[in-house]
file final.cif (mmCIF, C-alpha atoms)
data_start
loop_
_atom_site.label_atom_id
_atom_site.label_comp_id
_atom_site.auth_asym_id
_atom_site.auth_seq_id
_atom_site.Cartn_x
_atom_site.Cartn_y
_atom_site.Cartn_z
CA MET M 297 0.00 0.00 0.00
CA ALA M 298 1.21 3.48 -0.90
CA THR M 299 2.24 5.61 2.08
CA VAL M 300 1.84 9.37 2.52
CA HIS M 301 3.53 11.68 4.99
CA ARG M 302 1.43 14.82 5.09
CA TYR M 303 3.31 18.10 5.06
CA LYS M 304 2.53 20.19 8.14
CA GLY M 305 5.12 22.97 7.89
CA LYS M 306 4.20 26.61 8.40
CA ASP M 307 5.64 29.88 7.10
CA GLY M 308 8.35 28.16 5.12
CA SER M 309 9.22 25.54 7.74
CA TYR M 310 9.19 21.80 7.03
CA ASP M 311 7.56 19.08 9.07
CA TRP M 312 5.53 16.00 8.27
CA ASP M 313 3.00 13.81 10.02
CA GLY M 314 4.57 10.58 11.20
CA VAL M 315 8.14 11.85 10.78
CA ILE M 316 10.17 12.59 13.92
CA PRO M 317 13.15 14.95 13.59
CA ASP M 318 16.41 13.43 14.74
CA SER M 319 19.46 15.45 15.72
CA TYR M 320 22.50 14.54 13.69
CA ALA M 321 25.86 15.00 15.37
CA LEU M 322 28.09 12.53 13.57
CA ARG M 323 31.50 13.47 12.18
CA GLY M 324 31.47 17.10 13.20
CA ALA M 325 27.84 17.93 12.39
CA LYS M 326 26.40 20.80 14.44
CA GLY M 327 22.91 22.28 14.57
CA SER M 328 21.69 19.66 12.10
CA THR M 329 18.49 17.65 12.10
CA VAL M 330 17.37 14.88 9.79
CA ARG M 331 13.86 13.68 8.99
CA TYR M 332 13.55 10.30 7.30
CA LEU M 333 10.74 10.79 4.77
CA ILE M 334 11.17 7.53 2.91
CA GLY M 335 13.54 4.98 4.34
CA PRO M 336 13.74 2.09 6.77
CA ALA M 337 10.21 2.69 8.10
CA GLU M 338 8.85 2.25 4.57
CA LYS M 339 11.29 -0.62 3.89
CA SER M 340 12.22 1.05 0.60
CA PRO M 341 14.69 -1.34 -1.04
CA ASN M 342 16.39 1.05 -3.47
CA PHE M 343 16.67 4.61 -2.17
CA GLU M 344 15.99 6.81 0.83
CA ILE M 345 14.68 10.37 0.90
CA ARG M 346 15.56 12.53 3.89
CA TYR M 347 15.05 16.19 4.79
CA PHE M 348 18.02 17.86 6.45
CA GLU M 349 17.92 21.23 8.13
CA VAL M 350 20.94 23.13 9.45
CA GLU M 351 20.63 26.10 11.79
CA PRO M 352 22.62 29.28 11.16
CA GLY M 353 26.13 28.64 12.48
CA GLY M 354 25.74 24.89 12.07
CA GLN M 355 27.11 22.44 9.53
CA THR M 356 26.55 18.90 8.31
CA SER M 357 29.14 16.19 8.91
CA LEU M 358 32.33 16.19 6.86
CA ASP M 359 31.68 13.16 4.67
CA PHE M 360 33.59 11.02 2.23
CA HIS M 361 31.99 7.74 1.20
CA ALA M 362 31.17 5.32 -1.58
CA HIS M 363 27.57 6.41 -2.04
CA ASP M 364 26.29 9.42 -3.91
CA HIS M 365 23.86 12.17 -2.88
CA GLY M 366 21.11 13.96 -4.75
CA VAL M 367 20.18 17.24 -3.10
CA VAL M 368 17.30 19.65 -3.77
CA VAL M 369 17.36 22.88 -1.75
CA VAL M 370 13.96 23.86 -0.37
CA ARG M 371 14.74 26.41 2.34
CA GLY M 372 17.23 29.22 2.90
CA LYS M 373 20.69 29.54 1.45
CA GLY M 374 23.91 27.66 1.93
CA LYS M 375 26.94 26.22 0.26
CA VAL M 376 28.63 22.90 -0.21
CA LEU M 377 32.31 22.70 0.71
CA LEU M 378 34.26 20.28 -1.46
CA ALA M 379 37.85 19.05 -1.66
CA GLN M 380 40.72 21.48 -2.28
CA GLY M 381 38.83 24.50 -0.96
CA GLU M 382 36.23 24.44 -3.67
CA GLU M 383 32.72 25.56 -2.74
CA ILE M 384 29.40 26.04 -4.52
CA SER M 385 26.65 28.35 -3.26
CA LEU M 386 23.11 27.00 -3.13
CA SER M 387 19.64 28.48 -2.80
CA PHE M 388 16.00 27.51 -3.29
CA GLY M 389 15.40 24.92 -5.98
CA ASP M 390 19.05 24.30 -6.83
CA VAL M 391 19.82 20.64 -7.49
CA LEU M 392 23.21 19.30 -6.45
CA TYR M 393 24.71 15.94 -7.31
CA ILE M 394 27.59 14.73 -5.12
CA ARG M 395 29.36 11.79 -6.71
CA PRO M 396 30.76 8.74 -4.89
CA TYR M 397 33.95 9.52 -2.96
CA GLU M 398 33.57 13.28 -3.14
CA MET M 399 34.36 14.91 0.18
CA HIS M 400 31.55 17.27 1.16
CA ARG M 401 30.01 19.33 3.93
CA LEU M 402 26.95 21.59 3.70
CA VAL M 403 26.69 24.83 5.66
CA PRO M 404 24.03 27.54 5.87
CA ILE M 405 24.58 31.10 4.76
CA GLY M 406 22.69 33.91 6.49
CA ASP M 407 20.10 33.96 9.25
CA GLU M 408 17.59 31.41 8.01
CA PRO M 409 17.78 27.64 8.47
CA PHE M 410 19.16 25.88 5.40
CA GLY M 411 16.92 22.97 4.39
CA PHE M 412 17.30 20.40 1.66
CA ILE M 413 15.93 17.10 0.43
CA CYS M 414 18.73 14.52 0.23
CA VAL M 415 18.46 11.23 -1.68
CA VAL M 416 20.82 8.31 -1.05
CA PRO M 417 20.88 4.66 -2.10
CA ALA M 418 19.25 2.35 0.47
CA LYS M 419 22.31 0.06 0.52
CA ARG M 420 25.33 2.06 1.66
CA MET B 43 33.17 16.80 -9.58
CA ALA B 44 29.87 17.80 -7.99
CA THR B 45 27.27 19.09 -10.45
CA VAL B 46 24.68 21.82 -9.89
CA HIS B 47 21.56 22.60 -11.86
CA ARG B 48 20.57 26.14 -10.94
CA TYR B 49 16.91 26.75 -10.31
CA LYS B 50 15.50 29.41 -12.63
CA GLY B 51 11.77 29.11 -12.00
CA LYS B 52 9.59 32.18 -11.46
CA ASP B 53 6.36 32.79 -9.57
CA GLY B 54 6.09 29.19 -8.41
CA SER B 55 7.18 27.59 -11.69
CA TYR B 56 10.07 25.14 -11.94
CA ASP B 57 12.92 25.19 -14.40
CA TRP B 58 16.65 24.60 -14.18
CA ASP B 59 19.74 25.58 -16.11
CA GLY B 60 20.99 22.70 -18.22
CA VAL B 61 17.74 20.72 -17.93
CA ILE B 62 15.50 20.47 -20.98
CA PRO B 63 11.83 19.61 -20.43
CA ASP B 64 10.68 16.54 -22.29
CA SER B 65 7.08 15.73 -23.08
CA TYR B 66 5.99 12.41 -21.71
CA ALA B 67 3.26 10.60 -23.60
CA LEU B 68 3.82 6.94 -22.75
CA ARG B 69 1.06 4.65 -21.56
CA GLY B 70 -1.75 7.18 -21.63
CA ALA B 71 0.12 10.18 -20.22
CA LYS B 72 -1.32 13.55 -21.30
CA GLY B 73 -0.15 17.09 -20.66
CA SER B 74 2.88 15.76 -18.80
CA THR B 75 6.49 16.91 -18.94
CA VAL B 76 9.54 15.45 -17.28
CA ARG B 77 12.84 17.14 -16.40
CA TYR B 78 15.77 14.85 -15.60
CA LEU B 79 17.52 16.62 -12.71
CA ILE B 80 19.89 13.82 -11.78
CA GLY B 81 20.08 10.83 -14.07
CA PRO B 82 21.82 9.52 -17.15
CA ALA B 83 23.55 12.87 -17.88
CA GLU B 84 25.17 12.70 -14.43
CA LYS B 85 25.79 8.95 -14.79
CA SER B 86 24.30 8.47 -11.32
CA PRO B 87 24.65 4.75 -10.62
CA ASN B 88 22.03 4.34 -7.88
CA PHE B 89 19.04 6.64 -8.26
CA GLU B 90 17.52 9.26 -10.52
CA ILE B 91 15.69 12.45 -9.54
CA ARG B 92 13.17 13.89 -11.99
CA TYR B 93 10.66 16.75 -11.87
CA PHE B 94 7.27 15.98 -13.40
CA GLU B 95 4.63 18.55 -14.16
CA VAL B 96 1.09 17.80 -15.30
CA GLU B 97 -1.20 20.46 -16.78
CA PRO B 98 -4.80 20.78 -15.60
CA GLY B 99 -6.76 18.10 -17.43
CA GLY B 100 -3.67 15.97 -17.94
CA GLN B 101 -2.46 12.78 -16.27
CA THR B 102 0.70 10.72 -15.92
CA SER B 103 0.97 7.27 -17.45
CA LEU B 104 -0.89 4.37 -15.85
CA ASP B 105 2.04 2.46 -14.44
CA PHE B 106 2.66 -0.91 -12.85
CA HIS B 107 6.29 -1.98 -12.51
CA ALA B 108 8.94 -3.58 -10.35
CA HIS B 109 10.55 -0.34 -9.19
CA ASP B 110 9.36 2.02 -6.50
CA HIS B 111 8.79 5.79 -6.52
CA GLY B 112 9.47 8.47 -3.96
CA VAL B 113 7.42 11.59 -4.62
CA VAL B 114 7.60 15.06 -3.04
CA VAL B 115 4.91 17.51 -4.18
CA VAL B 116 6.26 21.00 -4.87
CA ARG B 117 3.54 22.67 -6.94
CA GLY B 118 -0.24 22.68 -7.04
CA LYS B 119 -2.60 19.94 -5.99
CA GLY B 120 -3.37 16.50 -7.28
CA LYS B 121 -4.09 12.94 -6.39
CA VAL B 122 -2.65 9.51 -6.97
CA LEU B 123 -5.03 6.87 -8.32
CA LEU B 124 -4.27 3.38 -7.05
CA ALA B 125 -5.69 -0.10 -7.60
CA GLN B 126 -9.31 -0.90 -6.72
CA GLY B 127 -10.46 2.70 -7.01
CA GLU B 128 -8.39 3.92 -4.12
CA GLU B 129 -7.05 7.47 -4.34
CA ILE B 130 -5.01 9.80 -2.13
CA SER B 131 -5.08 13.58 -2.43
CA LEU B 132 -1.77 15.42 -2.48
CA SER B 133 -0.63 19.00 -2.02
CA PHE B 134 2.54 21.00 -1.39
CA GLY B 135 5.17 19.19 0.63
CA ASP B 136 3.34 15.87 0.87
CA VAL B 137 5.64 12.87 0.50
CA LEU B 138 4.29 9.76 -1.24
CA TYR B 139 5.92 6.36 -1.42
CA ILE B 140 4.68 4.02 -4.15
CA ARG B 141 5.88 0.49 -3.57
CA PRO B 142 7.04 -1.98 -6.23
CA TYR B 143 4.14 -3.42 -8.29
CA GLU B 144 1.60 -0.85 -7.11
CA MET B 145 -0.50 0.40 -9.99
CA HIS B 146 -0.54 4.20 -10.02
CA ARG B 147 -1.37 7.32 -11.99
CA LEU B 148 -1.04 10.93 -10.84
CA VAL B 149 -3.51 13.60 -11.90
CA PRO B 150 -3.82 17.32 -11.13
CA ILE B 151 -6.70 18.83 -9.20
CA GLY B 152 -7.75 22.41 -9.94
CA ASP B 153 -6.41 25.06 -12.29
CA GLU B 154 -2.72 25.04 -11.44
CA PRO B 155 -0.08 22.70 -12.85
CA PHE B 156 0.69 19.82 -10.51
CA GLY B 157 4.44 19.44 -10.00
CA PHE B 158 6.42 16.88 -8.07
CA ILE B 159 9.92 15.56 -7.55
CA CYS B 160 10.04 11.82 -8.33
CA VAL B 161 12.88 9.53 -7.28
CA VAL B 162 13.44 6.13 -8.88
CA PRO B 163 16.24 3.57 -8.79
CA ALA B 164 18.73 3.99 -11.67
CA LYS B 165 18.42 0.31 -12.62
CA ARG B 166 14.84 -0.42 -13.60
#
call {"tool": "encode", "arguments": {"input": "final.cif", "output": "structure tokens"}}
result
Amino acid sequence: MATVHRYKGKDGSYDWDGVIPDSYALRGAKGSTVRYLIGPAEKSPNFEIRYFEVEPGGQTSLDFHAHDHGVVVVRGKGKVLLAQGEEISLSFGDVLYIRPYEMHRLVPIGDEPFGFICVVPAKR
Amino acid sequence: MATVHRYKGKDGSYDWDGVIPDSYALRGAKGSTVRYLIGPAEKSPNFEIRYFEVEPGGQTSLDFHAHDHGVVVVRGKGKVLLAQGEEISLSFGDVLYIRPYEMHRLVPIGDEPFGFICVVPAKR
């Protein structure tokens, strides 16, 4: 049976029925929460869809791994920090693809939380 | 190297640099376009992320297949039609998971285009 998580955000915020925000403090992450929209609870065999939000002054973990990420920005502004000092700015609607074994960290810019949908393979 | 497709939509519409909309008329689809945000062009090995938009009066294809879909609604209102006459209404931010071998078709409700992000496994 198909499953729906109803959006219940307000004034630009993101929240969903049946989805509990989890703080995310691995590998240097600060001020970051993750919401598992489609994942283990749905037993999705192929991919997972998560919503990450990072408070101003926070950052995601510094990551380097075999799996890839698909990112769609839905709130605020930020940037992705890559290897060798490279960075790419990001704002609403921008779509970012991070390939396998690319070092990466996402950080907010400005005073608003930075929120993005992040897709990963289920097996990783 | 990480890849970005810059959002260039206006007034609630969706479009991206480097992404060409394709009409989608398979298996009874009408008034439907697809934009491949992350997929064959990025050689993503695990998943693809597409943006579908369906005009008022249109519909996506009637589909039944081994792969699953993760859907995030980003524009307008619609519903998903499932087997045995079941349907689920959808609006902004709602997240839908369609499991393998679930028959499904998405249709708009109202006068606005119905737009959604749709994730699928790369191998299907």
call {"tool": "closest_residue", "arguments": {"input": "final.cif", "among": "B:Phe134, B:Tyr66, B:Tyr139, B:Tyr56", "to": "M:Ser340", "atoms": "all atoms listed in the file"}}
result
B:Tyr139
call {"tool": "interface_residues", "arguments": {"input": "final.cif", "of": "chain M", "to": "chain B", "cutoff": "9 Å", "atoms": "all atoms listed in the file", "output": "ChimeraX atom specification"}}
result
/M:297-305,310-312,333-334,338,340-345,363-364,366,378,384,386-395,398,415-417
call {"tool": "residues_around", "arguments": {"input": "final.cif", "residues": "M:Tyr347", "least_positions_apart": "5", "cutoff": "8 Å", "atoms": "all atoms listed in the file", "output": "NGL selection string"}}
result
:M and (330-333 or 411-414)
call {"tool": "residues_around", "arguments": {"input": "final.cif", "residues": "B:Asp153", "least_positions_apart": "3", "cutoff": "12 Å", "atoms": "only C-alpha atoms", "output": "list in words"}}
result
Val96, Glu97, Pro98, Gly99, Gly100, Arg117, Gly118, Lys119, Gly120, Val149, Pro150 and Phe156 of chain B
call {"tool": "closest_residue", "arguments": {"input": "final.cif", "among": "M:Gly324, M:Pro409, M:Pro317, M:Pro336", "to": "M:Glu349", "atoms": "only C-alpha atoms"}}
result
M:Pro409
call {"tool": "atom_distance", "arguments": {"input": "final.cif", "atom1": "atom CA of B:Ser55", "atom2": "atom CA of B:Leu123"}}
result
24.3 Å
call {"tool": "atom_distance", "arguments": {"input": "final.cif", "atom1": "atom CA of B:Ala71", "atom2": "atom CA of B:Gly127"}}
result
18.5 Å
call {"tool": "atom_distance", "arguments": {"input": "final.cif", "atom1": "atom CA of M:Leu358", "atom2": "atom CA of M:Asp318"}}
result
18.0 Å
